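**Student:** My questions will all concern the structure given below.
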Amino acid sequence: MKVIMPMAGYGTRMRPQTWSRPKPLLWVAGNTVLGHTLDKLVPLGIDELVVITGWLGERIEQYVADNYAFRTRFYEQDEMRGQSHAVHLAHEAMVGPCLILFVDTLFDADLTRLNEIDADGVIFTLEVDDPRPFGVVVEEHGLITRYIEKPTDFTYRKTTVGAFWVREGAELTSAIEEEMRRDLRRGNEFYLADAFNIMIERGARFVSLPVTMWEDCGQPETLLRTNRYLLAHGHANDSATCDSAIIPPVHIHPSARIERSVIGPNVSIAAGATVTGSIIAESIIESQAQIENAALTNTLVGQRARVSGAARRLNIGDDSVCAV
């Protein structure tokens, strides 16, 4: 099985963090957003990882090369024309079973079921109260009959989570090409929903499989919520130096230095960060950041940023300085 991962977006909703880093490399609960997903792929023994990059794509290429042994190839999306356009850039690699994963969200599901599934495609879903910002599936007799992108009502609540599998990648490529010939775009973007609907029109059998967790990493408030969830579900280490108070759950990198501080709950502190004389809760502190005499909550502090004397909620990017 091949894994196709489009991640070419600018990450505008996560600025200022994404002015200097692609969104998949933001830190959450002891790992990057991308790392949390790639770690789940390691035991599957995938044949190839195919990544579609864009903004600061060379950073993603270097990260994957430094941390994983997947056979990998990269494609660049130099104009934002939507999901289907991004996936189609990798058409030469899309032969045989393909798992398409978007990295804006993290999810948990039993991917081993794909080895025995009797279908041409799978859309992973979770039932939600308000499906309107997402995509939903319509089902009859156990099969998906339609995929609706951003529905206007609450009729269907099985929401797609950005994870899809097709038995034959070339069939999806062909459907995307038909979608483009029909010019089935929304705004200036082509969505996978239309390509999957074309496959279903042609007779492909699609089913849904449930996920047990689905957390968003696309906005500051949702990234902090995902950090909270992951720390509460196996990603905390609750370590600290002896002169500081730790309120679990937290994840503190072994190379971070914490002195005379109160840390937690729900705090992630990355490698090489320094926190002195501070109180930090519900926050993510990136690598090499320096926090001194501050009281922070619901805060994102970028790499190498410096915060001194602040008592507030902050969102500051890499190499920034906030002193009061």
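Note on naming: chains are A, B, ... as they come in the structure tokens, residues start from 1 per chain, ligands start from 1 in the order shown.
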If you count only C-alpha atoms, which residues fall within 9 Å of A:Gln219, apart from same-chain ones fewer than 6 positions away, as a PyMOL selection string?
**Tutor:** chain A and resi 11-15
**Student:** Can you write out the residues you just picked, keeping N, CA and C atoms, as a CSV table (one decimal), in the first residue's frame?
**Tutor:**
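Generated file (selection-v5.csv):
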chain,number,residue,atom,x,y,z
A,11,GLY,N,-1.2,27.3,5.5
A,11,GLY,CA,-1.4,27.3,7.0
A,11,GLY,C,-1.7,28.7,7.5
A,12,THR,N,-2.5,29.5,6.8
A,12,THR,CA,-2.8,30.9,7.2
A,12,THR,C,-3.5,31.0,8.5
A,13,ARG,N,-4.3,30.0,8.8
A,13,ARG,CA,-5.1,30.1,10.1
A,13,ARG,C,-4.1,29.8,11.3
A,14,MET,N,-2.9,29.3,11.1
A,14,MET,CA,-2.0,29.1,12.2
A,14,MET,C,-0.9,30.1,12.3
A,15,ARG,N,-1.0,31.2,11.6
A,15,ARG,CA,0.0,32.3,11.7
A,15,ARG,C,-0.2,33.0,13.0
**Student:** Tell me which protein, DNA and RNA residues are within 9 Å of A:Ile252, counting only C-alpha atoms, leaving out same-chain ones fewer than 5 positions away, and put them as a PDB file with N, CA, C and O atoms, in the first residue's frame.
**Tutor:**
ATOM      1  N   ALA A  29       2.126  17.864  21.922  1.00  0.00           N
ATOM      2  CA  ALA A  29       2.184  16.657  22.761  1.00  0.00           C
ATOM      3  C   ALA A  29       3.391  15.778  22.463  1.00  0.00           C
ATOM      4  O   ALA A  29       3.287  14.575  22.231  1.00  0.00           O
ATOM      5  N   GLY A  30       4.573  16.389  22.439  1.00  0.00           N
ATOM      6  CA  GLY A  30       5.803  15.618  22.337  1.00  0.00           C
ATOM      7  C   GLY A  30       6.226  15.203  20.947  1.00  0.00           C
ATOM      8  O   GLY A  30       7.160  14.409  20.792  1.00  0.00           O
ATOM      9  N   ALA A 236       1.850  11.936  27.541  1.00  0.00           N
ATOM     10  CA  ALA A 236       2.480  12.720  28.604  1.00  0.00           C
ATOM     11  C   ALA A 236       3.683  11.976  29.155  1.00  0.00           C
ATOM     12  O   ALA A 236       3.761  10.747  29.091  1.00  0.00           O
ATOM     13  N   ASN A 237       4.645  12.740  29.703  1.00  0.00           N
ATOM     14  CA  ASN A 237       5.742  12.093  30.433  1.00  0.00           C
ATOM     15  C   ASN A 237       5.891  12.634  31.851  1.00  0.00           C
ATOM     16  O   ASN A 237       6.571  12.039  32.680  1.00  0.00           O
ATOM     17  N   ASP A 238       5.265  13.769  32.143  1.00  0.00           N
ATOM     18  CA  ASP A 238       5.166  14.308  33.503  1.00  0.00           C
ATOM     19  C   ASP A 238       6.513  14.395  34.215  1.00  0.00           C
ATOM     20  O   ASP A 238       6.611  14.210  35.437  1.00  0.00           O
ATOM     21  N   SER A 239       7.580  14.662  33.467  1.00  0.00           N
ATOM     22  CA  SER A 239       8.901  14.772  34.085  1.00  0.00           C
ATOM     23  C   SER A 239       9.217  16.220  34.399  1.00  0.00           C
ATOM     24  O   SER A 239       8.644  17.143  33.832  1.00  0.00           O
ATOM     25  N   ALA A 240      10.136  16.452  35.337  1.00  0.00           N
ATOM     26  CA  ALA A 240      10.518  17.823  35.702  1.00  0.00           C
ATOM     27  C   ALA A 240      11.738  17.805  36.586  1.00  0.00           C
ATOM     28  O   ALA A 240      12.101  16.793  37.172  1.00  0.00           O
ATOM     29  N   ARG A 257      14.926  22.828  30.145  1.00  0.00           N
ATOM     30  CA  ARG A 257      15.341  23.143  31.512  1.00  0.00           C
ATOM     31  C   ARG A 257      14.234  23.951  32.198  1.00  0.00           C
ATOM     32  O   ARG A 257      13.842  25.016  31.729  1.00  0.00           O
ATOM     33  N   ILE A 258      13.758  23.424  33.323  1.00  0.00           N
ATOM     34  CA  ILE A 258      12.671  24.049  34.068  1.00  0.00           C
ATOM     35  C   ILE A 258      13.190  24.389  35.469  1.00  0.00           C
ATOM     36  O   ILE A 258      13.675  23.507  36.187  1.00  0.00           O
ATOM     37  N   VAL A 267       0.502  21.041  29.246  1.00  0.00           N
ATOM     38  CA  VAL A 267       1.600  21.837  28.693  1.00  0.00           C
ATOM     39  C   VAL A 267       2.572  20.917  27.961  1.00  0.00           C
ATOM     40  O   VAL A 267       2.935  19.854  28.475  1.00  0.00           O
ATOM     41  N   SER A 268       3.001  21.321  26.764  1.00  0.00           N
ATOM     42  CA  SER A 268       4.075  20.648  26.034  1.00  0.00           C
ATOM     43  C   SER A 268       5.247  21.608  25.907  1.00  0.00           C
ATOM     44  O   SER A 268       5.070  22.750  25.466  1.00  0.00           O
ATOM     45  N   ILE A 269       6.427  21.138  26.291  1.00  0.00           N
ATOM     46  CA  ILE A 269       7.636  21.949  26.202  1.00  0.00           C
ATOM     47  C   ILE A 269       8.668  21.168  25.393  1.00  0.00           C
ATOM     48  O   ILE A 269       9.031  20.046  25.752  1.00  0.00           O
ATOM     49  N   ALA A 270       9.132  21.755  24.301  1.00  0.00           N
ATOM     50  CA  ALA A 270       9.970  21.043  23.340  1.00  0.00           C
ATOM     51  C   ALA A 270      11.453  21.131  23.707  1.00  0.00           C
ATOM     52  O   ALA A 270      11.849  21.760  24.695  1.00  0.00           O
ATOM     53  N   ALA A 271      12.272  20.528  22.872  1.00  0.00           N
ATOM     54  CA  ALA A 271      13.704  20.366  23.135  1.00  0.00           C
ATOM     55  C   ALA A 271      14.401  21.704  23.302  1.00  0.00           C
ATOM     56  O   ALA A 271      14.185  22.647  22.542  1.00  0.00           O
TER      57      ALA A 271
END
**Student:** Quick one: DSSP strand (DSSP E) residues in stretch 115-274 of chain A, as a PyMOL selection string?
**Tutor:** chain A and resi 121-127+135-140+143-149+158-166+185-186+189-190+206-210+213-216+245-246+250-252+257-259+262-263+267-269+274
**Student:** Could you pull out the helix (DSSP H, G or I) residues of stretch 57-258 of chain A, going by DSSP on the backbone, and write them as a ChimeraX atom specification?
**Tutor:** /A:57-67,83-88,91-93,111-115,169-181,192-201,220-235
**Student:** If I take atom CA of A:Ile52 and atom CA of A:Tyr75, how far is one from the other in Å, to one decimal?
**Tutor:**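 These two atoms are separated by 4.7 Å.
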**Student:** Skipping near chain neighbours, those fewer than 4 positions away, what residues fall within 10 Å of A:Arg146 using only C-alpha atoms, listed as a PDB file with N, CA, C and O atoms, in the first residue's frame?
**Tutor:**
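Wrote it out as around01.pdb, contents follow:
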ATOM      1  N   VAL A 136     -19.667  15.018   4.429  1.00  0.00           N
ATOM      2  CA  VAL A 136     -20.424  13.906   5.000  1.00  0.00           C
ATOM      3  C   VAL A 136     -20.689  12.860   3.926  1.00  0.00           C
ATOM      4  O   VAL A 136     -20.624  13.150   2.728  1.00  0.00           O
ATOM      5  N   VAL A 137     -20.986  11.641   4.378  1.00  0.00           N
ATOM      6  CA  VAL A 137     -21.345  10.579   3.452  1.00  0.00           C
ATOM      7  C   VAL A 137     -22.814  10.227   3.609  1.00  0.00           C
ATOM      8  O   VAL A 137     -23.382  10.315   4.695  1.00  0.00           O
ATOM      9  N   VAL A 138     -23.418   9.845   2.494  1.00  0.00           N
ATOM     10  CA  VAL A 138     -24.792   9.335   2.451  1.00  0.00           C
ATOM     11  C   VAL A 138     -24.692   7.840   2.175  1.00  0.00           C
ATOM     12  O   VAL A 138     -23.973   7.430   1.250  1.00  0.00           O
ATOM     13  N   GLU A 139     -25.405   7.031   2.967  1.00  0.00           N
ATOM     14  CA  GLU A 139     -25.281   5.580   2.852  1.00  0.00           C
ATOM     15  C   GLU A 139     -26.641   4.921   2.641  1.00  0.00           C
ATOM     16  O   GLU A 139     -27.649   5.361   3.190  1.00  0.00           O
ATOM     17  N   GLU A 140     -26.625   3.850   1.883  1.00  0.00           N
ATOM     18  CA  GLU A 140     -27.797   2.994   1.715  1.00  0.00           C
ATOM     19  C   GLU A 140     -27.319   1.547   1.674  1.00  0.00           C
ATOM     20  O   GLU A 140     -26.393   1.221   0.919  1.00  0.00           O
ATOM     21  N   ALA A 193     -14.257  15.041  -2.925  1.00  0.00           N
ATOM     22  CA  ALA A 193     -15.649  14.595  -2.874  1.00  0.00           C
ATOM     23  C   ALA A 193     -16.183  14.324  -4.271  1.00  0.00           C
ATOM     24  O   ALA A 193     -16.845  13.301  -4.523  1.00  0.00           O
ATOM     25  N   ASP A 194     -15.913  15.226  -5.201  1.00  0.00           N
ATOM     26  CA  ASP A 194     -16.422  15.057  -6.562  1.00  0.00           C
ATOM     27  C   ASP A 194     -15.754  13.887  -7.271  1.00  0.00           C
ATOM     28  O   ASP A 194     -16.404  13.159  -8.040  1.00  0.00           O
ATOM     29  N   PHE A 196     -14.581  11.149  -5.820  1.00  0.00           N
ATOM     30  CA  PHE A 196     -15.148   9.926  -5.259  1.00  0.00           C
ATOM     31  C   PHE A 196     -16.568   9.701  -5.780  1.00  0.00           C
ATOM     32  O   PHE A 196     -16.966   8.560  -6.045  1.00  0.00           O
ATOM     33  N   ASN A 197     -17.346  10.776  -5.922  1.00  0.00           N
ATOM     34  CA  ASN A 197     -18.693  10.623  -6.476  1.00  0.00           C
ATOM     35  C   ASN A 197     -18.658  10.096  -7.901  1.00  0.00           C
ATOM     36  O   ASN A 197     -19.508   9.290  -8.304  1.00  0.00           O
ATOM     37  N   ILE A 198     -17.673  10.526  -8.665  1.00  0.00           N
ATOM     38  CA  ILE A 198     -17.527  10.007 -10.028  1.00  0.00           C
ATOM     39  C   ILE A 198     -17.194   8.521  -9.994  1.00  0.00           C
ATOM     40  O   ILE A 198     -17.741   7.720 -10.777  1.00  0.00           O
ATOM     41  N   ILE A 200     -18.085   6.438  -7.714  1.00  0.00           N
ATOM     42  CA  ILE A 200     -19.320   5.752  -7.329  1.00  0.00           C
ATOM     43  C   ILE A 200     -20.281   5.682  -8.512  1.00  0.00           C
ATOM     44  O   ILE A 200     -20.924   4.649  -8.759  1.00  0.00           O
ATOM     45  N   GLU A 201     -20.372   6.774  -9.294  1.00  0.00           N
ATOM     46  CA  GLU A 201     -21.206   6.763 -10.508  1.00  0.00           C
ATOM     47  C   GLU A 201     -20.762   5.663 -11.471  1.00  0.00           C
ATOM     48  O   GLU A 201     -21.586   5.054 -12.172  1.00  0.00           O
ATOM     49  N   PHE A 206     -18.049   1.899  -2.297  1.00  0.00           N
ATOM     50  CA  PHE A 206     -17.404   2.597  -1.191  1.00  0.00           C
ATOM     51  C   PHE A 206     -18.142   2.296   0.110  1.00  0.00           C
ATOM     52  O   PHE A 206     -19.379   2.257   0.136  1.00  0.00           O
TER      53      PHE A 206
END
**Student:** Taking 2 positions as the minimum chain separation for residues in the same chain, which residues sit within 7 Å of stretch 4-9 of chain A when counting only C-alpha atoms? Answer as an NGL selection string.
**Tutor:** :A and (2 or 11 or 49-55 or 77 or 86-87 or 98-103)
**Student:** For C-alpha atoms, I'd like the residues from the last selection saved as an mmCIF file, in the first residue's frame.
**Tutor:**
data_model
loop_
_atom_site.group_PDB
_atom_site.id
_atom_site.type_symbol
_atom_site.label_atom_id
_atom_site.label_comp_id
_atom_site.auth_asym_id
_atom_site.auth_seq_id
_atom_site.Cartn_x
_atom_site.Cartn_y
_atom_site.Cartn_z
ATOM 1 C CA LYS A 2 1.110 3.518 -0.799
ATOM 2 C CA GLY A 11 -1.413 27.321 6.982
ATOM 3 C CA LEU A 49 5.202 7.450 1.163
ATOM 4 C CA VAL A 50 4.180 10.071 -1.407
ATOM 5 C CA VAL A 51 4.133 13.664 -0.169
ATOM 6 C CA ILE A 52 2.738 16.715 -1.963
ATOM 7 C CA THR A 53 4.388 19.823 -0.560
ATOM 8 C CA GLY A 54 4.240 23.538 -1.204
ATOM 9 C CA TRP A 55 5.044 26.330 1.255
ATOM 10 C CA GLN A 77 1.958 21.938 -5.670
ATOM 11 C CA ALA A 86 -2.810 18.048 -5.210
ATOM 12 C CA VAL A 87 -3.449 14.303 -5.325
ATOM 13 C CA CYS A 98 -3.506 3.952 -1.861
ATOM 14 C CA LEU A 99 -4.265 5.546 1.491
ATOM 15 C CA ILE A 100 -4.787 9.324 1.257
ATOM 16 C CA LEU A 101 -4.187 11.230 4.484
ATOM 17 C CA PHE A 102 -4.502 14.933 5.214
ATOM 18 C CA VAL A 103 -2.408 16.244 8.103
#
**Student:** Suppose you want the space between atom CA of A:Met80 and atom CA of A:Glu189; what is it in Å?
**Tutor:**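 Here the two named atoms are 7.4 Å from each other.
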**Student:** So which one's closest to A:Leu34, A:Arg228, A:His88, A:Arg59, A:Arg313? Using only C-alpha atoms, please.
**Tutor:**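 Using only C-alpha atoms, A:Leu34 sits closest to A:Arg59.
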**Student:** Kindly give the distance, in Å, that separates atom CA of A:Ala163 and atom CA of A:Thr37, rounded to a single decimal.
**Tutor:**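 About the pair atom CA of A:Ala163 and atom CA of A:Thr37: they are 11.2 Å apart.
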**Student:** Using only C-alpha atoms, which residues sit within 8 Å of stretch 16-24 of chain A once same-chain residues fewer than 6 positions away are excluded, as a ChimeraX atom specification?
**Tutor:** /A:7,10,32-34,55-57,59-60,103-104,218,302,315-318
**Student:** For N, CA and C atoms, I'd like the residues from the last selection saved as a PDB file, in the first residue's frame.
**Tutor:**
ATOM      1  N   MET A   7       0.104  18.166   1.598  1.00  0.00           N
ATOM      2  CA  MET A   7       0.356  19.129   2.686  1.00  0.00           C
ATOM      3  C   MET A   7       0.984  20.394   2.129  1.00  0.00           C
ATOM      4  N   TYR A  10      -0.738  26.898   2.859  1.00  0.00           N
ATOM      5  CA  TYR A  10       0.050  27.943   3.518  1.00  0.00           C
ATOM      6  C   TYR A  10      -0.145  27.963   5.030  1.00  0.00           C
ATOM      7  N   THR A  32       5.857  16.390  16.352  1.00  0.00           N
ATOM      8  CA  THR A  32       5.247  17.279  15.371  1.00  0.00           C
ATOM      9  C   THR A  32       3.886  16.716  14.970  1.00  0.00           C
ATOM     10  N   VAL A  33       3.049  17.578  14.392  1.00  0.00           N
ATOM     11  CA  VAL A  33       1.768  17.099  13.874  1.00  0.00           C
ATOM     12  C   VAL A  33       1.997  15.984  12.864  1.00  0.00           C
ATOM     13  N   LEU A  34       2.939  16.187  11.951  1.00  0.00           N
ATOM     14  CA  LEU A  34       3.253  15.168  10.956  1.00  0.00           C
ATOM     15  C   LEU A  34       3.803  13.910  11.601  1.00  0.00           C
ATOM     16  N   TRP A  55       4.396  25.339   0.401  1.00  0.00           N
ATOM     17  CA  TRP A  55       5.044  26.330   1.255  1.00  0.00           C
ATOM     18  C   TRP A  55       6.099  25.689   2.143  1.00  0.00           C
ATOM     19  N   LEU A  56       7.366  26.099   1.997  1.00  0.00           N
ATOM     20  CA  LEU A  56       8.483  25.598   2.796  1.00  0.00           C
ATOM     21  C   LEU A  56       8.595  24.074   2.723  1.00  0.00           C
ATOM     22  N   GLY A  57       8.317  23.534   1.543  1.00  0.00           N
ATOM     23  CA  GLY A  57       8.310  22.086   1.392  1.00  0.00           C
ATOM     24  C   GLY A  57       9.646  21.423   1.670  1.00  0.00           C
ATOM     25  N   ARG A  59      11.542  21.942   4.079  1.00  0.00           N
ATOM     26  CA  ARG A  59      11.616  21.623   5.509  1.00  0.00           C
ATOM     27  C   ARG A  59      10.963  20.276   5.797  1.00  0.00           C
ATOM     28  N   ILE A  60       9.869  19.988   5.112  1.00  0.00           N
ATOM     29  CA  ILE A  60       9.197  18.707   5.298  1.00  0.00           C
ATOM     30  C   ILE A  60      10.051  17.574   4.733  1.00  0.00           C
ATOM     31  N   VAL A 103      -3.056  16.093   6.804  1.00  0.00           N
ATOM     32  CA  VAL A 103      -2.408  16.244   8.103  1.00  0.00           C
ATOM     33  C   VAL A 103      -2.938  17.417   8.914  1.00  0.00           C
ATOM     34  N   ASP A 104      -4.030  18.030   8.481  1.00  0.00           N
ATOM     35  CA  ASP A 104      -4.651  19.052   9.328  1.00  0.00           C
ATOM     36  C   ASP A 104      -5.239  18.444  10.592  1.00  0.00           C
ATOM     37  N   GLY A 218      -5.594  22.677  12.901  1.00  0.00           N
ATOM     38  CA  GLY A 218      -5.540  23.723  11.907  1.00  0.00           C
ATOM     39  C   GLY A 218      -5.651  25.139  12.408  1.00  0.00           C
ATOM     40  N   GLY A 302       6.649  30.198  19.766  1.00  0.00           N
ATOM     41  CA  GLY A 302       7.398  29.594  18.685  1.00  0.00           C
ATOM     42  C   GLY A 302       8.843  29.274  19.037  1.00  0.00           C
ATOM     43  N   ASN A 315       0.242  34.336  21.447  1.00  0.00           N
ATOM     44  CA  ASN A 315       0.504  33.519  20.272  1.00  0.00           C
ATOM     45  C   ASN A 315       1.614  34.218  19.510  1.00  0.00           C
ATOM     46  N   ILE A 316       2.859  33.810  19.762  1.00  0.00           N
ATOM     47  CA  ILE A 316       3.995  34.465  19.124  1.00  0.00           C
ATOM     48  C   ILE A 316       4.814  33.445  18.338  1.00  0.00           C
ATOM     49  N   GLY A 317       5.299  33.859  17.195  1.00  0.00           N
ATOM     50  CA  GLY A 317       5.983  32.967  16.283  1.00  0.00           C
ATOM     51  C   GLY A 317       7.463  32.788  16.584  1.00  0.00           C
ATOM     52  N   ASP A 318       8.125  32.087  15.693  1.00  0.00           N
ATOM     53  CA  ASP A 318       9.548  31.804  15.846  1.00  0.00           C
ATOM     54  C   ASP A 318      10.353  33.110  15.932  1.00  0.00           C
TER      55      ASP A 318
END
**Student:** Can you list, as an MDAnalysis selection string, every protein, DNA or RNA residue that comes within 8 Å of A:Thr212 when you count only C-alpha atoms, leaving out same-chain residues fewer than 3 positions away?
**Tutor:** chainID A and resid 107:109 126
